[in-house]
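What follows is the content of model_26.pdb, which has PDB, C-alpha atoms:
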```pdb
MODEL        1
ATOM      1  CA  PRO A   1     -26.803  -9.877   8.368  1.00  0.00           C
ATOM      2  CA  ILE A   2     -25.221  -7.038   6.479  1.00  0.00           C
ATOM      3  CA  PRO A   3     -24.954  -8.308   2.935  1.00  0.00           C
ATOM      4  CA  CYS A   4     -21.786  -8.042   0.992  1.00  0.00           C
ATOM      5  CA  VAL A   5     -23.134  -6.172  -2.000  1.00  0.00           C
ATOM      6  CA  PRO A   6     -21.819  -7.753  -5.215  1.00  0.00           C
ATOM      7  CA  TRP A   7     -20.273  -5.080  -7.416  1.00  0.00           C
ATOM      8  CA  GLN A   8     -19.869  -5.847 -11.099  1.00  0.00           C
ATOM      9  CA  SER A   9     -16.769  -3.786 -11.752  1.00  0.00           C
ATOM     10  CA  GLN A  10     -13.433  -3.297 -10.118  1.00  0.00           C
ATOM     11  CA  THR A  11     -13.424  -1.905  -6.581  1.00  0.00           C
ATOM     12  CA  ASN A  12     -10.559   0.530  -6.021  1.00  0.00           C
ATOM     13  CA  GLY A  13      -8.735  -1.045  -8.969  1.00  0.00           C
ATOM     14  CA  GLN A  14      -8.858  -4.491  -7.374  1.00  0.00           C
ATOM     15  CA  TYR A  15     -10.947  -7.318  -8.791  1.00  0.00           C
ATOM     16  CA  GLN A  16     -13.339  -9.238  -6.600  1.00  0.00           C
ATOM     17  CA  ARG A  17     -14.468 -12.850  -6.764  1.00  0.00           C
ATOM     18  CA  ARG A  18     -16.500 -15.405  -4.813  1.00  0.00           C
ATOM     19  CA  VAL A  19     -14.847 -17.765  -2.326  1.00  0.00           C
ATOM     20  CA  HIS A  20     -17.137 -20.237  -0.550  1.00  0.00           C
ATOM     21  CA  GLY A  21     -20.123 -18.083  -1.544  1.00  0.00           C
ATOM     22  CA  GLU A  22     -18.669 -14.912  -0.031  1.00  0.00           C
ATOM     23  CA  ILE A  23     -17.754 -11.876  -2.119  1.00  0.00           C
ATOM     24  CA  VAL A  24     -14.136 -11.007  -1.451  1.00  0.00           C
ATOM     25  CA  MET A  25     -11.527  -8.674  -2.836  1.00  0.00           C
ATOM     26  CA  LYS A  26      -7.808  -8.252  -2.416  1.00  0.00           C
ATOM     27  CA  ASN A  27      -6.651  -5.661   0.042  1.00  0.00           C
ATOM     28  CA  HIS A  28      -3.322  -3.842  -0.089  1.00  0.00           C
ATOM     29  CA  GLU A  29      -1.423  -6.909   1.168  1.00  0.00           C
ATOM     30  CA  GLY A  30      -2.953  -9.259  -1.381  1.00  0.00           C
ATOM     31  CA  LYS A  31      -5.157 -10.989   1.186  1.00  0.00           C
ATOM     32  CA  GLN A  32      -8.814 -11.481   0.388  1.00  0.00           C
ATOM     33  CA  VAL A  33     -11.315  -9.841   2.735  1.00  0.00           C
ATOM     34  CA  GLN A  34     -14.907  -8.642   2.526  1.00  0.00           C
ATOM     35  CA  PRO A  35     -15.117  -5.283   0.696  1.00  0.00           C
ATOM     36  CA  ILE A  36     -17.264  -3.794   3.455  1.00  0.00           C
ATOM     37  CA  LEU A  37     -14.576  -4.606   6.035  1.00  0.00           C
ATOM     38  CA  SER A  38     -11.767  -2.941   4.109  1.00  0.00           C
ATOM     39  CA  GLU A  39     -13.951   0.052   3.158  1.00  0.00           C
ATOM     40  CA  ILE A  40     -14.996   0.736   6.760  1.00  0.00           C
ATOM     41  CA  CYS A  41     -11.447   0.344   8.054  1.00  0.00           C
ATOM     42  CA  ASN A  42     -10.057   2.602   5.319  1.00  0.00           C
ATOM     43  CA  ALA A  43     -12.607   5.299   6.191  1.00  0.00           C
ATOM     44  CA  LEU A  44     -11.803   4.935   9.901  1.00  0.00           C
ATOM     45  CA  ARG A  45      -8.061   5.262   9.237  1.00  0.00           C
ATOM     46  CA  ARG A  46      -8.676   8.901   8.330  1.00  0.00           C
ATOM     47  CA  GLN A  47     -10.256   9.546  11.740  1.00  0.00           C
ATOM     48  CA  MET A  48      -8.349   7.279  14.137  1.00  0.00           C
ATOM     49  CA  THR A  49      -7.556   9.986  16.656  1.00  0.00           C
ATOM     50  CA  THR A  50     -11.241  10.630  17.400  1.00  0.00           C
ATOM     51  CA  LEU A  51     -11.818  10.492  21.136  1.00  0.00           C
ATOM     52  CA  GLY A  52     -13.768   7.399  22.192  1.00  0.00           C
ATOM     53  CA  LEU A  53     -13.777   6.006  18.662  1.00  0.00           C
ATOM     54  CA  PHE A  54     -15.042   2.544  19.628  1.00  0.00           C
ATOM     55  CA  ARG A  55     -16.387   3.478  23.060  1.00  0.00           C
ATOM     56  CA  VAL A  56     -18.918   6.172  22.095  1.00  0.00           C
ATOM     57  CA  SER A  57     -22.030   4.716  20.475  1.00  0.00           C
ATOM     58  CA  PRO A  58     -23.570   6.318  17.384  1.00  0.00           C
ATOM     59  CA  LEU A  59     -27.228   7.289  17.258  1.00  0.00           C
ATOM     60  CA  ASN A  60     -29.280   4.119  16.786  1.00  0.00           C
ATOM     61  CA  THR A  61     -31.461   5.750  14.129  1.00  0.00           C
ATOM     62  CA  GLU A  62     -28.425   6.717  12.030  1.00  0.00           C
ATOM     63  CA  LEU A  63     -26.863   3.272  12.375  1.00  0.00           C
ATOM     64  CA  GLU A  64     -30.109   1.506  11.473  1.00  0.00           C
ATOM     65  CA  GLN A  65     -30.526   3.768   8.426  1.00  0.00           C
ATOM     66  CA  LEU A  66     -26.982   2.957   7.310  1.00  0.00           C
ATOM     67  CA  LEU A  67     -27.631  -0.766   7.777  1.00  0.00           C
ATOM     68  CA  GLN A  68     -30.866  -0.507   5.782  1.00  0.00           C
ATOM     69  CA  ASP A  69     -29.003   1.292   2.993  1.00  0.00           C
ATOM     70  CA  TYR A  70     -26.472  -1.536   2.834  1.00  0.00           C
ATOM     71  CA  SER A  71     -29.191  -4.182   2.812  1.00  0.00           C
ATOM     72  CA  ARG A  72     -30.815  -2.381  -0.160  1.00  0.00           C
ATOM     73  CA  GLY A  73     -27.506  -2.306  -2.032  1.00  0.00           C
ATOM     74  CA  ILE A  74     -26.861   1.409  -1.487  1.00  0.00           C
ATOM     75  CA  ARG A  75     -23.188   2.164  -0.942  1.00  0.00           C
ATOM     76  CA  PRO A  76     -22.882   5.314   1.185  1.00  0.00           C
ATOM     77  CA  ALA A  77     -19.859   7.601   1.018  1.00  0.00           C
ATOM     78  CA  LEU A  78     -18.156   6.317   4.173  1.00  0.00           C
ATOM     79  CA  ASN A  79     -15.497   9.050   4.240  1.00  0.00           C
ATOM     80  CA  SER A  80     -18.164  11.657   4.984  1.00  0.00           C
ATOM     81  CA  LEU A  81     -19.709   9.796   7.938  1.00  0.00           C
ATOM     82  CA  ASP A  82     -19.221  10.438  11.636  1.00  0.00           C
ATOM     83  CA  PRO A  83     -16.348   8.259  12.937  1.00  0.00           C
ATOM     84  CA  HIS A  84     -18.516   6.859  15.764  1.00  0.00           C
ATOM     85  CA  LEU A  85     -21.088   5.797  13.169  1.00  0.00           C
ATOM     86  CA  LEU A  86     -18.337   4.052  11.189  1.00  0.00           C
ATOM     87  CA  ALA A  87     -17.065   2.298  14.315  1.00  0.00           C
ATOM     88  CA  GLY A  88     -20.643   1.246  15.101  1.00  0.00           C
ATOM     89  CA  LEU A  89     -21.016  -0.093  11.567  1.00  0.00           C
ATOM     90  CA  LEU A  90     -17.825  -2.131  11.947  1.00  0.00           C
ATOM     91  CA  LYS A  91     -19.059  -3.612  15.231  1.00  0.00           C
ATOM     92  CA  GLU A  92     -22.482  -4.369  13.733  1.00  0.00           C
ATOM     93  CA  TYR A  93     -20.861  -6.029  10.731  1.00  0.00           C
ATOM     94  CA  PHE A  94     -19.252  -8.590  13.038  1.00  0.00           C
ATOM     95  CA  ASN A  95     -22.310  -8.851  15.313  1.00  0.00           C
ATOM     96  CA  ARG A  96     -24.592  -9.631  12.363  1.00  0.00           C
ATOM     97  CA  LEU A  97     -22.462 -12.204  10.602  1.00  0.00           C
ATOM     98  CA  PRO A  98     -24.513 -15.394  10.173  1.00  0.00           C
ATOM     99  CA  GLU A  99     -21.630 -17.282  11.765  1.00  0.00           C
ATOM    100  CA  PRO A 100     -19.074 -15.694  14.126  1.00  0.00           C
ATOM    101  CA  LEU A 101     -15.694 -14.758  12.716  1.00  0.00           C
ATOM    102  CA  LEU A 102     -14.090 -17.551  14.763  1.00  0.00           C
ATOM    103  CA  THR A 103     -16.859 -20.006  13.676  1.00  0.00           C
ATOM    104  CA  PHE A 104     -19.145 -22.235  15.698  1.00  0.00           C
ATOM    105  CA  ALA A 105     -17.214 -25.315  14.594  1.00  0.00           C
ATOM    106  CA  LEU A 106     -14.000 -24.048  16.209  1.00  0.00           C
ATOM    107  CA  TYR A 107     -15.619 -22.690  19.381  1.00  0.00           C
ATOM    108  CA  SER A 108     -14.283 -25.473  21.589  1.00  0.00           C
ATOM    109  CA  ASP A 109     -10.803 -25.119  20.051  1.00  0.00           C
ATOM    110  CA  PHE A 110     -10.718 -21.440  21.009  1.00  0.00           C
ATOM    111  CA  LEU A 111     -12.045 -22.243  24.500  1.00  0.00           C
ATOM    112  CA  GLU A 112      -9.201 -24.703  24.944  1.00  0.00           C
ATOM    113  CA  TYR A 113      -6.884 -21.695  24.720  1.00  0.00           C
ATOM    114  CA  ALA A 114      -8.172 -20.474  28.085  1.00  0.00           C
ATOM    115  CA  HIS A 115      -7.775 -23.877  29.745  1.00  0.00           C
ATOM    116  CA  ASP A 116      -4.259 -24.799  28.662  1.00  0.00           C
ATOM    117  CA  PRO A 117      -1.892 -22.230  30.240  1.00  0.00           C
ATOM    118  CA  GLU A 118       1.276 -24.079  29.257  1.00  0.00           C
ATOM    119  CA  ASN A 119       0.462 -24.361  25.556  1.00  0.00           C
ATOM    120  CA  LYS A 120      -1.696 -21.267  25.031  1.00  0.00           C
ATOM    121  CA  LEU A 121       0.172 -19.995  22.008  1.00  0.00           C
ATOM    122  CA  ASP A 122       0.251 -23.393  20.273  1.00  0.00           C
ATOM    123  CA  VAL A 123      -3.455 -23.937  20.957  1.00  0.00           C
ATOM    124  CA  LEU A 124      -4.329 -20.480  19.617  1.00  0.00           C
ATOM    125  CA  HIS A 125      -2.209 -20.909  16.479  1.00  0.00           C
ATOM    126  CA  ASN A 126      -3.763 -24.321  15.856  1.00  0.00           C
ATOM    127  CA  ALA A 127      -7.316 -22.961  16.174  1.00  0.00           C
ATOM    128  CA  ILE A 128      -6.559 -20.016  13.873  1.00  0.00           C
ATOM    129  CA  ASP A 129      -4.935 -22.343  11.330  1.00  0.00           C
ATOM    130  CA  HIS A 130      -8.206 -24.273  11.099  1.00  0.00           C
ATOM    131  CA  LEU A 131     -10.277 -21.191  10.259  1.00  0.00           C
ATOM    132  CA  PRO A 132     -11.490 -20.923   6.660  1.00  0.00           C
ATOM    133  CA  GLN A 133      -9.016 -18.786   4.695  1.00  0.00           C
ATOM    134  CA  VAL A 134     -11.393 -15.842   4.198  1.00  0.00           C
ATOM    135  CA  ARG A 135     -12.132 -15.710   7.941  1.00  0.00           C
ATOM    136  CA  ARG A 136      -8.455 -16.033   8.838  1.00  0.00           C
ATOM    137  CA  ASN A 137      -7.699 -13.146   6.466  1.00  0.00           C
ATOM    138  CA  SER A 138     -10.512 -11.092   8.007  1.00  0.00           C
ATOM    139  CA  LEU A 139      -9.211 -11.778  11.520  1.00  0.00           C
ATOM    140  CA  ASP A 140      -5.693 -10.823  10.454  1.00  0.00           C
ATOM    141  CA  TYR A 141      -6.966  -7.667   8.744  1.00  0.00           C
ATOM    142  CA  LEU A 142      -9.073  -6.695  11.773  1.00  0.00           C
ATOM    143  CA  LEU A 143      -6.245  -7.274  14.267  1.00  0.00           C
ATOM    144  CA  ASP A 144      -3.796  -5.302  12.101  1.00  0.00           C
ATOM    145  CA  PHE A 145      -6.311  -2.467  11.905  1.00  0.00           C
ATOM    146  CA  LEU A 146      -6.923  -2.471  15.683  1.00  0.00           C
ATOM    147  CA  CYS A 147      -3.151  -2.382  16.263  1.00  0.00           C
ATOM    148  CA  GLU A 148      -2.992   0.661  13.975  1.00  0.00           C
ATOM    149  CA  VAL A 149      -5.759   2.315  15.990  1.00  0.00           C
ATOM    150  CA  ALA A 150      -3.997   1.595  19.298  1.00  0.00           C
ATOM    151  CA  THR A 151      -0.641   2.833  17.987  1.00  0.00           C
ATOM    152  CA  GLU A 152      -2.126   5.985  16.444  1.00  0.00           C
ATOM    153  CA  ARG A 153      -4.123   6.705  19.581  1.00  0.00           C
ATOM    154  CA  GLY A 154      -1.008   6.212  21.716  1.00  0.00           C
ATOM    155  CA  ASN A 155       1.009   8.548  19.485  1.00  0.00           C
ATOM    156  CA  HIS A 156      -1.793  11.116  19.623  1.00  0.00           C
ATOM    157  CA  ILE A 157      -1.901  11.018  23.433  1.00  0.00           C
ATOM    158  CA  LEU A 158       1.884  11.307  23.702  1.00  0.00           C
ATOM    159  CA  ALA A 159       1.910  14.314  21.349  1.00  0.00           C
ATOM    160  CA  ARG A 160      -0.341  16.353  23.653  1.00  0.00           C
TER     161      ARG A 160
ENDMDL
END
```
Is it possible to give me this structure as structure tokens?
Amino acid sequence: PIPCVPWQSQTNGQYQRRVHGEIVMKNHEGKQVQPILSEICNALRRQMTTLGLFRVSPLNTELEQLLQDYSRGIRPALNSLDPHLLAGLLKEYFNRLPEPLLTFALYSDFLEYAHDPENKLDVLHNAIDHLPQVRRNSLDYLLDFLCEVATERGNHILAR
């Protein structure tokens, strides 16, 4: 998995701490998320109108090098990286988590969502409510970010 490199000082003026063994920090809304998640999303926000942002794959060699840098504790300057490489890093972050964002323990709860058409929303809310707080914050942060991407992309297409 991509480690969450423990930094000793403040990160962007916001203090970090450990919650259930995971290094977290506060994002702009006061919710605690992994620093790598907020850093990648912040770098991607500057390049959201890139065509095929999450569809076009980065070069495997570049992505593997970036992952190796992270595993060695090297923090690359994300703002200078190709947006497709950043999007690939974000996808790999979630792919390489030791446990999925929605957790193995709640797998059946999330599957129930698909099998209960009358109570889908209640079932989904219940499953999300049972996620550990850090994971729920990460899911919220990710979904907010993806909504930003979709909105920005839609505005960019309409402006043409």
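Between CA of Ala77 in chain A and CA of Arg135 in chain A the interatomic distance comes to 25.5 Å.
Pairwise distance (CA of Val149 in chain A, CA of Met48 in chain A) equals 5.9 Å.
For the structure shown here, the set of residues caught by the PyMOL selection byres ((chain A and resi 85) around 8) is Ser57, Pro58, Leu59, Glu62, Leu63, Leu81, Asp82, Pro83, His84, Leu86, Ala87, Gly88 and Leu89 of chain A.
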What would the file look like if the residues just selected were written as a PDB file, in the frame of the given file with C-alpha atoms?
```pdb
ATOM      1  CA  SER A  57     -22.030   4.716  20.475  1.00  0.00           C
ATOM      2  CA  PRO A  58     -23.570   6.318  17.384  1.00  0.00           C
ATOM      3  CA  LEU A  59     -27.228   7.289  17.258  1.00  0.00           C
ATOM      4  CA  GLU A  62     -28.425   6.717  12.030  1.00  0.00           C
ATOM      5  CA  LEU A  63     -26.863   3.272  12.375  1.00  0.00           C
ATOM      6  CA  LEU A  81     -19.709   9.796   7.938  1.00  0.00           C
ATOM      7  CA  ASP A  82     -19.221  10.438  11.636  1.00  0.00           C
ATOM      8  CA  PRO A  83     -16.348   8.259  12.937  1.00  0.00           C
ATOM      9  CA  HIS A  84     -18.516   6.859  15.764  1.00  0.00           C
ATOM     10  CA  LEU A  86     -18.337   4.052  11.189  1.00  0.00           C
ATOM     11  CA  ALA A  87     -17.065   2.298  14.315  1.00  0.00           C
ATOM     12  CA  GLY A  88     -20.643   1.246  15.101  1.00  0.00           C
ATOM     13  CA  LEU A  89     -21.016  -0.093  11.567  1.00  0.00           C
TER      14      LEU A  89
END
```
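What separates CA of Val134 in chain A from CA of Gly30 in chain A is a distance of 12.1 Å.
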Quiz prompt | Contacts of range 118-131 of chain A at 7 Å (only C-alpha atoms; same-chain gap of 2+ positions) as a ChimeraX atom specification | solution = /A:102,106,109-110,113,116,133,135-136
Box time for range 38-44 of chain A: axis-aligned, enclosing all its listed atoms, 3 Å extra on each side; report centre and edge lengths in Å to one decimal, as JSON.
```
{"center_x": -12.5, "center_y": 1.2, "center_z": 6.5, "size_x": 10.9, "size_y": 14.2, "size_z": 12.7}
```
